$ cat entry17.txt   # compact mmCIF, C-alpha atoms
# COMPACT_ATOMS: atom_id res chain seq x y z
CA MET A 1 0.00 0.00 0.00
CA ILE A 2 2.38 2.68 -1.19
CA LEU A 3 1.16 6.01 -2.50
CA ARG A 4 3.48 7.30 -5.23
CA VAL A 5 3.30 10.74 -6.76
CA LYS A 6 5.65 11.13 -9.72
CA ASP A 7 6.49 14.50 -11.20
CA VAL A 8 2.92 15.67 -10.81
CA SER A 9 1.53 19.04 -11.81
CA VAL A 10 -1.93 19.99 -10.66
CA ALA A 11 -4.25 22.56 -12.16
CA ARG A 12 -7.09 24.62 -10.79
CA GLY A 13 -9.53 25.93 -13.36
CA GLY A 14 -7.20 24.92 -16.19
CA VAL A 15 -4.21 26.85 -14.79
CA ALA A 16 -1.29 24.89 -13.32
CA VAL A 17 -0.71 25.81 -9.67
CA LEU A 18 1.91 23.29 -8.54
CA GLU A 19 4.37 21.45 -10.74
CA GLY A 20 7.11 18.86 -10.55
CA LEU A 21 6.01 17.32 -7.25
CA SER A 22 7.27 13.82 -6.42
CA PHE A 23 6.93 11.90 -3.16
CA GLU A 24 6.23 8.46 -1.82
CA ILE A 25 4.32 7.47 1.30
CA GLY A 26 4.64 3.91 2.53
CA PRO A 27 2.99 2.02 5.40
CA GLY A 28 3.46 3.71 8.77
CA GLN A 29 4.57 6.97 7.17
CA ALA A 30 2.92 10.37 7.11
CA LEU A 31 3.68 13.42 5.06
CA VAL A 32 2.60 16.91 6.04
CA LEU A 33 2.15 19.50 3.29
CA LYS A 34 2.86 23.10 4.19
CA GLY A 35 2.67 26.23 2.15
CA PRO A 36 0.88 29.58 1.93
CA ASN A 37 -2.87 29.81 1.28
CA GLY A 38 -3.82 29.37 -2.33
CA VAL A 39 -0.63 27.58 -3.30
CA GLY A 40 -2.57 24.48 -4.35
CA LYS A 41 -2.54 22.12 -1.38
CA THR A 42 -6.25 21.35 -1.65
CA THR A 43 -5.95 20.86 -5.41
CA LEU A 44 -3.08 18.43 -4.86
CA LEU A 45 -5.06 16.50 -2.25
CA ARG A 46 -8.13 16.31 -4.51
CA THR A 47 -5.88 14.99 -7.27
CA VAL A 48 -4.39 12.34 -4.98
CA ALA A 49 -7.90 11.38 -3.83
CA GLY A 50 -8.86 10.84 -7.47
CA LEU A 51 -11.44 13.60 -7.71
CA GLN A 52 -9.56 15.23 -10.57
CA PRO A 53 -6.88 13.93 -12.93
CA PRO A 54 -3.33 15.25 -12.55
CA PHE A 55 -2.49 18.00 -15.03
CA LYS A 56 0.79 16.23 -15.78
CA GLY A 57 2.59 13.30 -14.23
CA GLU A 58 1.19 10.30 -12.47
CA VAL A 59 -0.53 9.57 -9.17
CA ASP A 60 -0.12 5.91 -8.33
CA ALA A 61 -2.52 5.09 -5.52
CA PRO A 62 -3.64 1.52 -4.81
CA GLU A 63 -7.22 0.84 -5.86
CA GLU A 64 -9.79 1.78 -3.21
CA ALA A 65 -7.21 2.58 -0.55
CA VAL A 66 -7.65 6.31 -0.11
CA ALA A 67 -9.97 7.88 2.47
CA TYR A 68 -10.41 11.57 1.75
CA ALA A 69 -11.53 14.21 4.23
CA ALA A 70 -12.22 17.64 2.82
CA HIS A 71 -13.04 21.05 4.27
CA SER A 72 -16.68 19.99 4.57
CA ASP A 73 -17.45 16.90 6.58
CA GLY A 74 -20.34 15.51 4.53
CA LEU A 75 -22.68 15.42 7.50
CA LYS A 76 -26.45 15.50 7.34
CA SER A 77 -27.79 17.90 9.95
CA MET A 78 -31.09 16.02 10.27
CA LEU A 79 -29.38 12.71 11.08
CA SER A 80 -27.93 11.88 14.48
CA VAL A 81 -24.21 11.42 15.08
CA GLU A 82 -24.65 7.67 15.12
CA GLU A 83 -26.80 7.62 11.95
CA ASN A 84 -24.22 9.72 10.11
CA LEU A 85 -21.40 7.39 11.08
CA ARG A 86 -23.40 4.26 10.38
CA PHE A 87 -24.22 5.54 6.90
CA TRP A 88 -20.56 6.03 6.04
CA ALA A 89 -19.64 2.68 7.57
CA GLU A 90 -22.23 0.99 5.36
CA VAL A 91 -21.00 2.84 2.29
CA PHE A 92 -17.53 1.46 2.94
CA ALA A 93 -18.94 -1.99 3.84
CA GLN A 94 -17.79 -1.78 7.46
CA THR A 95 -19.82 -2.61 10.56
CA ASP A 96 -17.89 -1.31 13.56
CA ILE A 97 -18.54 2.32 14.45
CA GLU A 98 -17.84 2.00 18.20
CA LYS A 99 -14.09 2.35 17.73
CA ALA A 100 -14.56 5.62 15.91
CA ILE A 101 -17.03 6.92 18.51
CA GLN A 102 -14.56 6.10 21.30
CA ALA A 103 -11.53 7.51 19.49
CA PHE A 104 -13.11 10.91 18.99
CA ASP A 105 -15.02 11.01 22.27
CA LEU A 106 -18.46 11.14 20.67
CA ALA A 107 -20.23 8.71 23.04
CA ASP A 108 -22.16 11.46 24.85
CA LEU A 109 -23.27 12.99 21.56
CA ARG A 110 -24.28 9.85 19.68
CA ASN A 111 -28.03 10.55 19.68
CA ARG A 112 -27.75 14.28 19.04
CA LEU A 113 -28.63 15.58 15.59
CA ALA A 114 -25.51 16.57 13.71
CA GLY A 115 -27.10 19.95 13.00
CA SER A 116 -27.07 20.79 16.71
CA LEU A 117 -23.35 20.14 17.16
CA SER A 118 -20.75 22.87 17.48
CA ALA A 119 -18.22 23.38 14.69
CA GLY A 120 -15.53 21.52 16.61
CA GLN A 121 -17.86 18.62 17.42
CA LYS A 122 -18.87 18.38 13.76
CA ARG A 123 -15.24 18.24 12.77
CA ARG A 124 -14.63 15.44 15.29
CA LEU A 125 -17.51 13.53 13.74
CA GLY A 126 -16.09 14.21 10.28
CA LEU A 127 -12.72 12.82 11.36
CA ALA A 128 -14.36 9.82 13.04
CA ARG A 129 -15.68 9.00 9.57
CA LEU A 130 -12.09 8.18 8.55
CA LEU A 131 -11.98 5.34 11.05
CA VAL A 132 -15.15 3.72 9.70
CA THR A 133 -13.84 3.70 6.13
CA GLY A 134 -11.28 1.05 7.02
CA ARG A 135 -8.99 2.45 4.33
CA PRO A 136 -5.21 2.56 4.81
CA ILE A 137 -4.25 5.88 3.17
CA TRP A 138 -5.74 8.99 4.73
CA VAL A 139 -5.73 12.15 2.65
CA LEU A 140 -6.70 15.01 4.95
CA ASP A 141 -7.29 18.64 4.10
CA GLU A 142 -6.85 20.93 7.14
CA PRO A 143 -8.13 18.29 9.56
CA THR A 144 -7.68 20.37 12.71
CA VAL A 145 -9.73 23.42 11.74
CA SER A 146 -12.05 24.45 14.60
CA LEU A 147 -10.69 21.79 16.96
CA ASP A 148 -9.67 22.72 20.52
CA THR A 149 -6.34 21.52 21.94
CA ALA A 150 -7.85 18.42 23.57
CA SER A 151 -9.51 17.42 20.30
CA VAL A 152 -6.31 18.05 18.35
CA GLN A 153 -4.68 15.63 20.78
CA LEU A 154 -7.44 13.06 20.08
CA PHE A 155 -6.83 13.49 16.38
CA ALA A 156 -3.04 13.19 16.77
CA ASP A 157 -3.57 9.98 18.77
CA ALA A 158 -5.86 8.62 16.05
CA VAL A 159 -3.26 9.34 13.36
CA ARG A 160 -0.54 7.78 15.52
CA ALA A 161 -2.62 4.63 16.04
CA HIS A 162 -3.41 4.53 12.33
CA LEU A 163 0.28 4.74 11.41
CA ALA A 164 1.17 2.10 14.01
CA GLU A 165 -1.30 -0.27 12.32
CA GLY A 166 0.54 0.17 9.04
CA GLY A 167 -1.63 2.92 7.61
CA SER A 168 -0.32 6.10 6.09
CA ALA A 169 -1.44 9.71 5.89
CA LEU A 170 -1.05 12.76 3.70
CA LEU A 171 -2.06 15.91 5.54
CA ALA A 172 -2.27 19.58 4.74
CA THR A 173 -2.05 21.37 8.06
CA HIS A 174 -0.40 24.38 9.62
CA ILE A 175 -0.16 23.16 13.19
CA ASP A 176 2.34 20.84 14.80
CA LEU A 177 0.65 17.58 15.72
CA GLY A 178 3.62 16.31 17.69
CA LEU A 179 4.00 13.40 15.31
CA ASP A 180 7.19 12.07 13.81
CA VAL A 181 6.44 13.02 10.23
CA THR A 182 8.14 14.34 7.13
CA VAL A 183 7.22 17.89 6.20
CA LEU A 184 7.09 19.00 2.61
CA ASP A 185 6.92 22.70 1.85
CA VAL A 186 5.11 22.96 -1.48
CA GLY A 187 5.92 26.67 -1.86
CA PRO A 188 8.99 26.10 -4.09
CA PHE A 189 6.90 23.93 -6.43
CA ARG A 190 4.60 26.78 -7.31
CA ALA A 191 3.98 26.77 -11.06
CA LYS A 192 5.70 29.53 -12.99
CA GLN A 193 3.27 32.28 -13.84
CA GLY A 194 2.80 33.32 -17.45
CA ASP A 195 1.99 29.85 -18.70
CA ALA A 196 -0.82 30.13 -21.17
CA PRO A 197 -3.96 28.90 -19.45
CA VAL A 198 -5.38 25.90 -21.26
CA SER A 199 -8.91 26.06 -22.52
CA GLY A 200 -11.47 24.86 -20.02
CA TYR A 201 -13.16 22.84 -22.74
CA ASP A 202 -10.07 20.78 -23.48
CA GLU A 203 -9.68 19.98 -19.85
CA ALA A 204 -13.31 19.09 -19.34
CA PHE A 205 -13.29 16.54 -22.12
CA LEU A 206 -9.90 14.97 -21.45
CA MET B 1 -26.22 1.54 -2.29
CA LYS B 2 -28.94 0.40 0.07
CA ALA B 3 -27.49 2.64 2.78
CA LEU B 4 -27.66 5.63 0.43
CA LEU B 5 -31.27 4.88 -0.54
CA PHE B 6 -32.42 4.48 3.06
CA ARG B 7 -30.53 7.60 4.10
CA ASP B 8 -32.15 9.64 1.34
CA LEU B 9 -35.62 8.34 2.23
CA LYS B 10 -35.01 9.04 5.92
CA LEU B 11 -33.84 12.58 5.15
CA ALA B 12 -36.87 13.21 2.93
CA PHE B 13 -39.26 12.34 5.74
CA ARG B 14 -37.47 14.34 8.43
CA ALA B 15 -38.23 18.00 9.05
CA GLY B 16 -37.23 20.16 6.09
CA GLY B 17 -36.75 17.11 3.92
CA GLY B 18 -39.12 18.26 1.22
CA PHE B 19 -41.47 15.28 1.20
CA GLY B 20 -44.95 16.56 0.46
CA LEU B 21 -43.72 19.58 -1.47
CA GLY B 22 -44.59 18.02 -4.83
CA ILE B 23 -47.92 16.65 -3.74
CA ALA B 24 -48.95 19.98 -2.20
CA PHE B 25 -48.07 21.78 -5.43
CA PHE B 26 -50.00 19.19 -7.46
CA LEU B 27 -53.03 19.70 -5.22
CA ILE B 28 -52.86 23.48 -5.63
CA VAL B 29 -52.71 23.25 -9.43
CA VAL B 30 -55.61 20.82 -9.64
CA ILE B 31 -57.78 22.82 -7.23
CA LEU B 32 -57.13 26.11 -9.03
CA VAL B 33 -57.75 24.87 -12.59
CA PRO B 34 -61.58 24.58 -12.24
CA PHE B 35 -61.63 28.13 -10.85
CA SER B 36 -59.66 29.49 -13.76
CA VAL B 37 -61.41 27.68 -16.65
CA GLY B 38 -64.88 27.79 -15.15
CA PRO B 39 -67.15 25.12 -13.71
CA GLU B 40 -68.34 23.62 -16.99
CA SER B 41 -67.97 19.88 -16.41
CA GLY B 42 -67.69 18.90 -20.08
CA LEU B 43 -64.69 21.17 -20.59
CA LEU B 44 -63.05 19.91 -17.40
CA THR B 45 -63.53 16.31 -18.49
CA MET B 46 -61.86 17.13 -21.76
CA ILE B 47 -58.77 18.77 -20.27
CA ALA B 48 -58.49 16.61 -17.13
CA PRO B 49 -55.83 14.12 -18.36
CA GLY B 50 -53.60 16.86 -19.74
CA VAL B 51 -53.94 19.07 -16.66
CA LEU B 52 -53.23 16.17 -14.33
CA TRP B 53 -50.13 15.24 -16.28
CA LEU B 54 -48.89 18.81 -16.45
CA GLY B 55 -49.47 19.27 -12.73
CA ALA B 56 -47.56 16.08 -11.95
CA LEU B 57 -44.69 17.13 -14.21
CA LEU B 58 -44.37 20.57 -12.64
CA ALA B 59 -44.61 19.08 -9.16
CA CYS B 60 -41.74 16.78 -10.09
CA LEU B 61 -39.71 19.68 -11.45
CA LEU B 62 -40.08 21.56 -8.20
CA SER B 63 -37.89 19.20 -6.18
CA LEU B 64 -35.23 18.37 -8.78
CA ASP B 65 -32.57 20.77 -7.56
CA ARG B 66 -32.59 19.04 -4.19
CA ILE B 67 -31.51 15.71 -5.66
CA LEU B 68 -27.79 16.50 -5.75
CA ALA B 69 -27.39 20.12 -4.63
CA LEU B 70 -27.81 19.34 -0.92
CA ASP B 71 -25.16 16.62 -1.05
CA TRP B 72 -22.88 18.97 -2.95
CA GLU B 73 -23.24 21.77 -0.42
CA ASP B 74 -22.29 19.70 2.62
CA GLY B 75 -19.44 17.92 0.87
CA THR B 76 -21.12 14.51 0.81
CA LEU B 77 -20.83 14.27 -2.96
CA ASP B 78 -17.00 14.59 -2.91
CA LEU B 79 -16.80 11.92 -0.24
CA VAL B 80 -19.23 9.60 -2.01
CA ALA B 81 -17.20 10.01 -5.21
CA THR B 82 -14.10 8.75 -3.38
CA SER B 83 -16.04 5.85 -1.80
CA PRO B 84 -16.46 2.36 -3.28
CA LEU B 85 -19.88 3.28 -4.69
CA PRO B 86 -19.85 3.72 -8.49
CA LEU B 87 -21.26 7.12 -9.45
CA GLU B 88 -23.58 5.46 -11.99
CA GLY B 89 -25.12 3.59 -9.08
CA VAL B 90 -25.21 6.71 -6.93
CA VAL B 91 -27.20 8.72 -9.49
CA SER B 92 -29.55 5.77 -10.08
CA VAL B 93 -30.23 5.48 -6.36
CA LYS B 94 -30.73 9.25 -6.14
CA ALA B 95 -33.28 9.07 -8.98
CA LEU B 96 -35.01 6.12 -7.32
CA ALA B 97 -35.20 7.98 -4.00
CA HIS B 98 -36.63 11.01 -5.79
CA TRP B 99 -39.22 8.85 -7.52
CA LEU B 100 -40.22 7.13 -4.27
CA THR B 101 -40.65 10.43 -2.42
CA THR B 102 -42.14 12.49 -5.26
CA GLY B 103 -43.37 10.28 -8.11
CA VAL B 104 -45.14 7.59 -6.13
CA PRO B 105 -47.19 10.03 -4.01
CA LEU B 106 -48.28 11.78 -7.23
CA VAL B 107 -49.37 8.47 -8.75
CA VAL B 108 -51.33 7.58 -5.64
CA ALA B 109 -52.95 11.02 -5.34
CA ALA B 110 -53.81 11.40 -9.04
CA PRO B 111 -57.12 9.43 -8.98
CA VAL B 112 -58.33 11.51 -6.03
CA PHE B 113 -57.42 14.71 -7.85
CA GLY B 114 -59.04 13.29 -11.00
CA VAL B 115 -62.39 13.51 -9.24
CA LEU B 116 -61.89 17.25 -8.81
CA LEU B 117 -61.48 17.60 -12.58
CA ASN B 118 -64.48 15.42 -13.45
CA LEU B 119 -62.35 12.70 -15.03
CA PRO B 120 -64.66 10.00 -16.47
CA PRO B 121 -64.66 6.65 -14.57
CA GLN B 122 -62.97 4.68 -17.34
CA GLY B 123 -60.09 7.19 -17.31
CA PHE B 124 -58.76 6.43 -13.84
CA LEU B 125 -57.01 3.18 -14.70
CA TRP B 126 -55.00 4.64 -17.57
CA LEU B 127 -54.30 7.87 -15.73
CA VAL B 128 -52.66 5.93 -12.90
CA ALA B 129 -50.94 3.57 -15.33
CA SER B 130 -49.54 6.42 -17.44
CA LEU B 131 -48.24 8.27 -14.38
CA ALA B 132 -46.77 5.11 -12.87
CA LEU B 133 -44.98 4.42 -16.14
CA GLY B 134 -43.98 8.02 -16.88
CA THR B 135 -42.87 9.47 -13.54
CA PRO B 136 -39.72 7.26 -13.28
CA ALA B 137 -38.55 8.88 -16.53
CA LEU B 138 -39.18 12.33 -14.99
CA SER B 139 -36.98 11.44 -12.00
CA VAL B 140 -34.17 9.94 -14.08
CA ILE B 141 -34.09 12.83 -16.56
CA GLY B 142 -34.29 15.25 -13.65
CA THR B 143 -31.30 13.64 -11.97
CA PHE B 144 -29.37 14.13 -15.20
CA GLY B 145 -30.26 17.82 -15.10
CA ALA B 146 -29.29 18.01 -11.44
CA ALA B 147 -25.90 16.46 -12.28
CA LEU B 148 -25.40 19.02 -15.05
CA THR B 149 -26.10 21.97 -12.78
CA VAL B 150 -24.54 20.74 -9.54
CA GLY B 151 -22.19 23.32 -8.08
CA ILE B 152 -23.97 26.24 -9.67
CA LYS B 153 -25.36 28.58 -7.07
CA ARG B 154 -29.12 28.96 -7.48
CA GLY B 155 -28.97 26.50 -10.36
CA GLY B 156 -32.70 25.85 -10.17
CA LEU B 157 -33.61 28.17 -13.03
CA LEU B 158 -30.95 26.76 -15.35
CA LEU B 159 -31.99 23.26 -14.35
CA SER B 160 -35.62 23.95 -15.27
CA LEU B 161 -34.65 25.44 -18.62
CA LEU B 162 -32.43 22.47 -19.44
CA ILE B 163 -34.90 19.86 -18.33
CA LEU B 164 -38.20 21.17 -19.70
CA PRO B 165 -37.47 20.28 -23.35
CA LEU B 166 -36.29 16.83 -22.25
CA TYR B 167 -39.60 16.36 -20.43
CA VAL B 168 -41.69 17.12 -23.53
CA PRO B 169 -41.76 13.58 -25.05
CA THR B 170 -42.72 12.05 -21.71
CA LEU B 171 -45.47 14.64 -21.30
CA ILE B 172 -46.82 14.16 -24.82
CA PHE B 173 -47.11 10.40 -24.66
CA GLY B 174 -48.06 10.26 -20.99
CA ALA B 175 -50.91 12.75 -21.41
CA GLU B 176 -51.93 11.10 -24.68
CA LEU B 177 -52.11 7.72 -22.98
CA ALA B 178 -54.24 9.15 -20.18
CA ARG B 179 -56.50 10.99 -22.68
CA ARG B 180 -57.05 7.98 -24.93
CA GLY B 181 -57.73 5.87 -21.84
CA ALA B 182 -60.34 8.37 -20.66
CA GLU B 183 -62.01 8.49 -24.10
CA GLY B 184 -61.90 4.73 -24.52
CA GLN B 185 -59.67 4.80 -27.61
CA ASP B 186 -56.86 2.45 -28.57
CA ILE B 187 -53.91 3.06 -26.23
CA THR B 188 -51.24 0.83 -27.81
CA THR B 189 -49.11 3.50 -29.49
CA PRO B 190 -48.71 5.99 -26.62
CA LEU B 191 -48.32 3.12 -24.17
CA LEU B 192 -45.41 1.65 -26.12
CA MET B 193 -43.81 5.05 -26.74
CA LEU B 194 -44.03 6.00 -23.07
CA ALA B 195 -42.64 2.63 -21.98
CA GLY B 196 -39.84 3.01 -24.52
CA ILE B 197 -38.91 6.47 -23.23
CA THR B 198 -38.94 5.37 -19.60
CA PHE B 199 -36.92 2.20 -20.04
CA GLY B 200 -34.56 3.95 -22.44
CA VAL B 201 -33.70 6.75 -20.05
CA ILE B 202 -33.40 4.35 -17.11
CA ALA B 203 -30.91 2.28 -19.10
CA LEU B 204 -28.84 5.10 -20.61
CA LEU B 205 -29.05 8.34 -18.63
CA PRO B 206 -27.32 7.16 -15.41
CA PHE B 207 -24.11 6.81 -17.42
CA ALA B 208 -24.44 10.34 -18.78
CA SER B 209 -25.32 11.67 -15.32
CA ALA B 210 -22.28 10.00 -13.74
CA LEU B 211 -20.03 11.37 -16.48
CA VAL B 212 -21.13 14.99 -16.07
CA LEU B 213 -21.04 14.63 -12.31
CA ARG B 214 -17.42 13.50 -12.46
CA MET B 215 -16.57 16.56 -14.55
CA ASN B 216 -18.46 18.89 -12.25
CA LEU B 217 -16.64 17.56 -9.19
CA ARG B 218 -13.21 18.39 -10.60
$ encode --input "entry17.txt" --output "structure tokens"
Amino acid sequence: MILRVKDVSVARGGVAVLEGLSFEIGPGQALVLKGPNGVGKTTLLRTVAGLQPPFKGEVDAPEEAVAYAAHSDGLKSMLSVEENLRFWAEVFAQTDIEKAIQAFDLADLRNRLAGSLSAGQKRRLGLARLLVTGRPIWVLDEPTVSLDTASVQLFADAVRAHLAEGGSALLATHIDLGLDVTVLDVGPFRAKQGDAPVSGYDEAFL
Amino acid sequence: MKALLFRDLKLAFRAGGGFGLGIAFFLIVVILVPFSVGPESGLLTMIAPGVLWLGALLACLLSLDRILALDWEDGTLDLVATSPLPLEGVVSVKALAHWLTTGVPLVVAAPVFGVLLNLPPQGFLWLVASLALGTPALSVIGTFGAALTVGIKRGGLLLSLLILPLYVPTLIFGAELARRGAEGQDITTPLLMLAGITFGVIALLPFASALVLRMNLR
């Protein structure tokens, strides 16, 4: 289960934002992406998750191994915490949601509607979703937004446990999780400006 | 797949889920038509099948932008696209859920509303049959439109404009089937055409919907 990114360029709206990126993440490893806002971290993560094709280069991710967590958590406000988690577990053909509820301290909230949770609690539920996917490679976009220090610690523990079980993680985050991880500053890979933007039509029909 | 269907049905029946929106709209149209065209029962009998079909179609149209837009807004669609579910299956399940929460209630309510429009007794069977056969096509075509316009803020207007011409064949043959049924004429041709449209779109459009959805998610 190795995620390989070879000489990849990614584009947003047909304009290349990052180019020439290469890295490899194996079992038990995590890579943290850093860089200024707008540099293309989210675009890179969406590319790795398979939501968009790389502009150039190759993303070699094992089939059905990537669990993606975006800025939005994909929660339904009219479903309870437990119903939300159970839905995602069923989508990924898993049955055990208790581990996820314990790991992110959601036991007291399990029958609350997701719509009545605070932003931090929603985020915890969104991260708990990762545990019910049962997938080895986590691709996380700003996972600690709106979390308090205790919750950040819960998240760091979850990532540590995931890595210890042979999983791997690719994170875009600005805070130090206290994990033993490689940090990659994507700033220097910023695409040179002045490249002619490709036509949106060509890209759409590639 | 099953999880997605049950979740969508559950959401539709919870507060703010939109179940009943279509049926309420249908009821309003059917109640207002006799007031606007006058109480002459012969005229109402004549236009009843067409009005009932048009009302059902517009009621269907009303809830189309909810099919995918809500899942897009809260990020579910991105996450579903990276899950093991094939998008072709996802859009089919979405269309099925829409049909179960919008189409089926319209089919069930249509005979009751037919009474309000003085539909002749022999017309009820074919009215229900035509709606039961035609409304799945409305949901599947509507899901295609929803996939085309997902991600566009206030895409409802664009969605309606895109979808209305695609609804025309279903409306023509559906209303024709109901009319011929009510007048006791031969129903073979519209019945076969309507069945052909419905089964054709069920077989083909999910692939188109999944394709445009993939592009829209980029």
$ interface_residues --input "entry17.txt" --of "chain A" --to "chain B" --cutoff "9 Å" --atoms "all atoms listed in the file" --output "MDAnalysis selection string"
chainID A and resid 12:13 46:47 49:53 64 66:76 78:79 83:84 86:88 90:93 133 204:205
$ closest_residue --input "entry17.txt" --among "A:Ala65, A:Leu44, A:Val183, A:Leu177" --to "Glu19 of chain A" --atoms "all atoms listed in the file"
A:Leu44
$ atom_distance --input "entry17.txt" --atom1 "atom CA of Thr42 of chain A" --atom2 "atom CA of Ala172 of chain A"
7.7 Å
$ closest_residue --input "entry17.txt" --among "A:Ala158, A:Ile2, A:Val32, A:Ala89" --to "Asp105 of chain A" --atoms "all atoms listed in the file"
A:Ala158
$ atom_distance --input "entry17.txt" --atom1 "atom CA of Leu54 of chain B" --atom2 "atom CA of Thr135 of chain B"
11.5 Å
$ residues_around --input "entry17.txt" --residues "Gly178 of chain A" --least-positions-apart "4" --cutoff "10 Å" --atoms "only C-alpha atoms" --output "PDB file with C-alpha atoms, in the frame of the given file"
ATOM      1  CA  GLN A 153      -4.680  15.630  20.780  1.00  0.00           C
ATOM      2  CA  ALA A 156      -3.040  13.190  16.770  1.00  0.00           C
ATOM      3  CA  ASP A 157      -3.570   9.980  18.770  1.00  0.00           C
ATOM      4  CA  ARG A 160      -0.540   7.780  15.520  1.00  0.00           C
TER       5      ARG A 160
END
$ residues_around --input "entry17.txt" --residues "segment 160-175 of chain B" --least-positions-apart "5" --cutoff "10 Å" --atoms "all atoms listed in the file" --output "VMD selection string"
chain B and resid 47 to 54 56 to 58 61 to 62 64 to 65 126 to 127 129 to 135 137 to 138 141 to 146 148 to 149 155 180 to 181 189 to 198
$ residues_around --input "entry17.txt" --residues "segment 28-31 of chain A" --least-positions-apart "6" --cutoff "10 Å" --atoms "all atoms listed in the file" --output "PyMOL selection string"
chain A and resi 2+136-139+159-172+179-184
$ residues_around --input "entry17.txt" --residues "Arg190 of chain A" --least-positions-apart "4" --cutoff "8 Å" --atoms "all atoms listed in the file" --output "number ranges by chain"
A: 17-19, 39, 186
$ atom_distance --input "entry17.txt" --atom1 "atom CA of Gly115 of chain A" --atom2 "atom CA of Asp96 of chain A"
23.2 Å
$ residues_around --input "entry17.txt" --residues "Ser151 of chain A" --least-positions-apart "2" --cutoff "9 Å" --atoms "all atoms listed in the file" --output "PyMOL selection string"
chain A and resi 104-105+120-121+124+144+147-149+153-156
$ decode --input "entry17.txt" --residues "segment 39-53 of chain A" --atoms "N, CA and C atoms" --output "short mmCIF file (atom, residue, chain, number, x, y, z; two decimals), in the first residue's frame"
data_model
loop_
_atom_site.label_atom_id
_atom_site.label_comp_id
_atom_site.auth_asym_id
_atom_site.auth_seq_id
_atom_site.Cartn_x
_atom_site.Cartn_y
_atom_site.Cartn_z
N VAL A 39 -1.75 28.10 -2.53
CA VAL A 39 -0.63 27.58 -3.30
C VAL A 39 -1.04 26.32 -4.07
N GLY A 40 -2.08 25.64 -3.62
CA GLY A 40 -2.57 24.48 -4.35
C GLY A 40 -2.58 23.20 -3.55
N LYS A 41 -2.55 23.32 -2.21
CA LYS A 41 -2.54 22.12 -1.38
C LYS A 41 -3.83 21.33 -1.55
N THR A 42 -4.96 22.03 -1.50
CA THR A 42 -6.25 21.35 -1.65
C THR A 42 -6.35 20.69 -3.02
N THR A 43 -5.90 21.42 -4.05
CA THR A 43 -5.95 20.86 -5.41
C THR A 43 -5.12 19.58 -5.49
N LEU A 44 -3.94 19.61 -4.86
CA LEU A 44 -3.08 18.43 -4.86
C LEU A 44 -3.78 17.26 -4.15
N LEU A 45 -4.40 17.56 -3.01
CA LEU A 45 -5.06 16.50 -2.25
C LEU A 45 -6.25 15.92 -3.03
N ARG A 46 -7.00 16.80 -3.70
CA ARG A 46 -8.13 16.31 -4.51
C ARG A 46 -7.62 15.44 -5.65
N THR A 47 -6.46 15.80 -6.19
CA THR A 47 -5.88 14.99 -7.27
C THR A 47 -5.47 13.61 -6.74
N VAL A 48 -4.82 13.62 -5.57
CA VAL A 48 -4.39 12.34 -4.98
C VAL A 48 -5.61 11.49 -4.64
N ALA A 49 -6.70 12.14 -4.19
CA ALA A 49 -7.90 11.38 -3.83
C ALA A 49 -8.64 10.88 -5.07
N GLY A 50 -8.23 11.34 -6.25
CA GLY A 50 -8.86 10.84 -7.47
C GLY A 50 -10.05 11.64 -7.93
N LEU A 51 -10.29 12.80 -7.31
CA LEU A 51 -11.44 13.60 -7.71
C LEU A 51 -11.17 14.36 -9.00
N GLN A 52 -9.90 14.61 -9.29
CA GLN A 52 -9.56 15.23 -10.57
C GLN A 52 -8.27 14.60 -11.08
N PRO A 53 -8.10 14.53 -12.39
CA PRO A 53 -6.88 13.93 -12.93
C PRO A 53 -5.71 14.87 -12.76
#
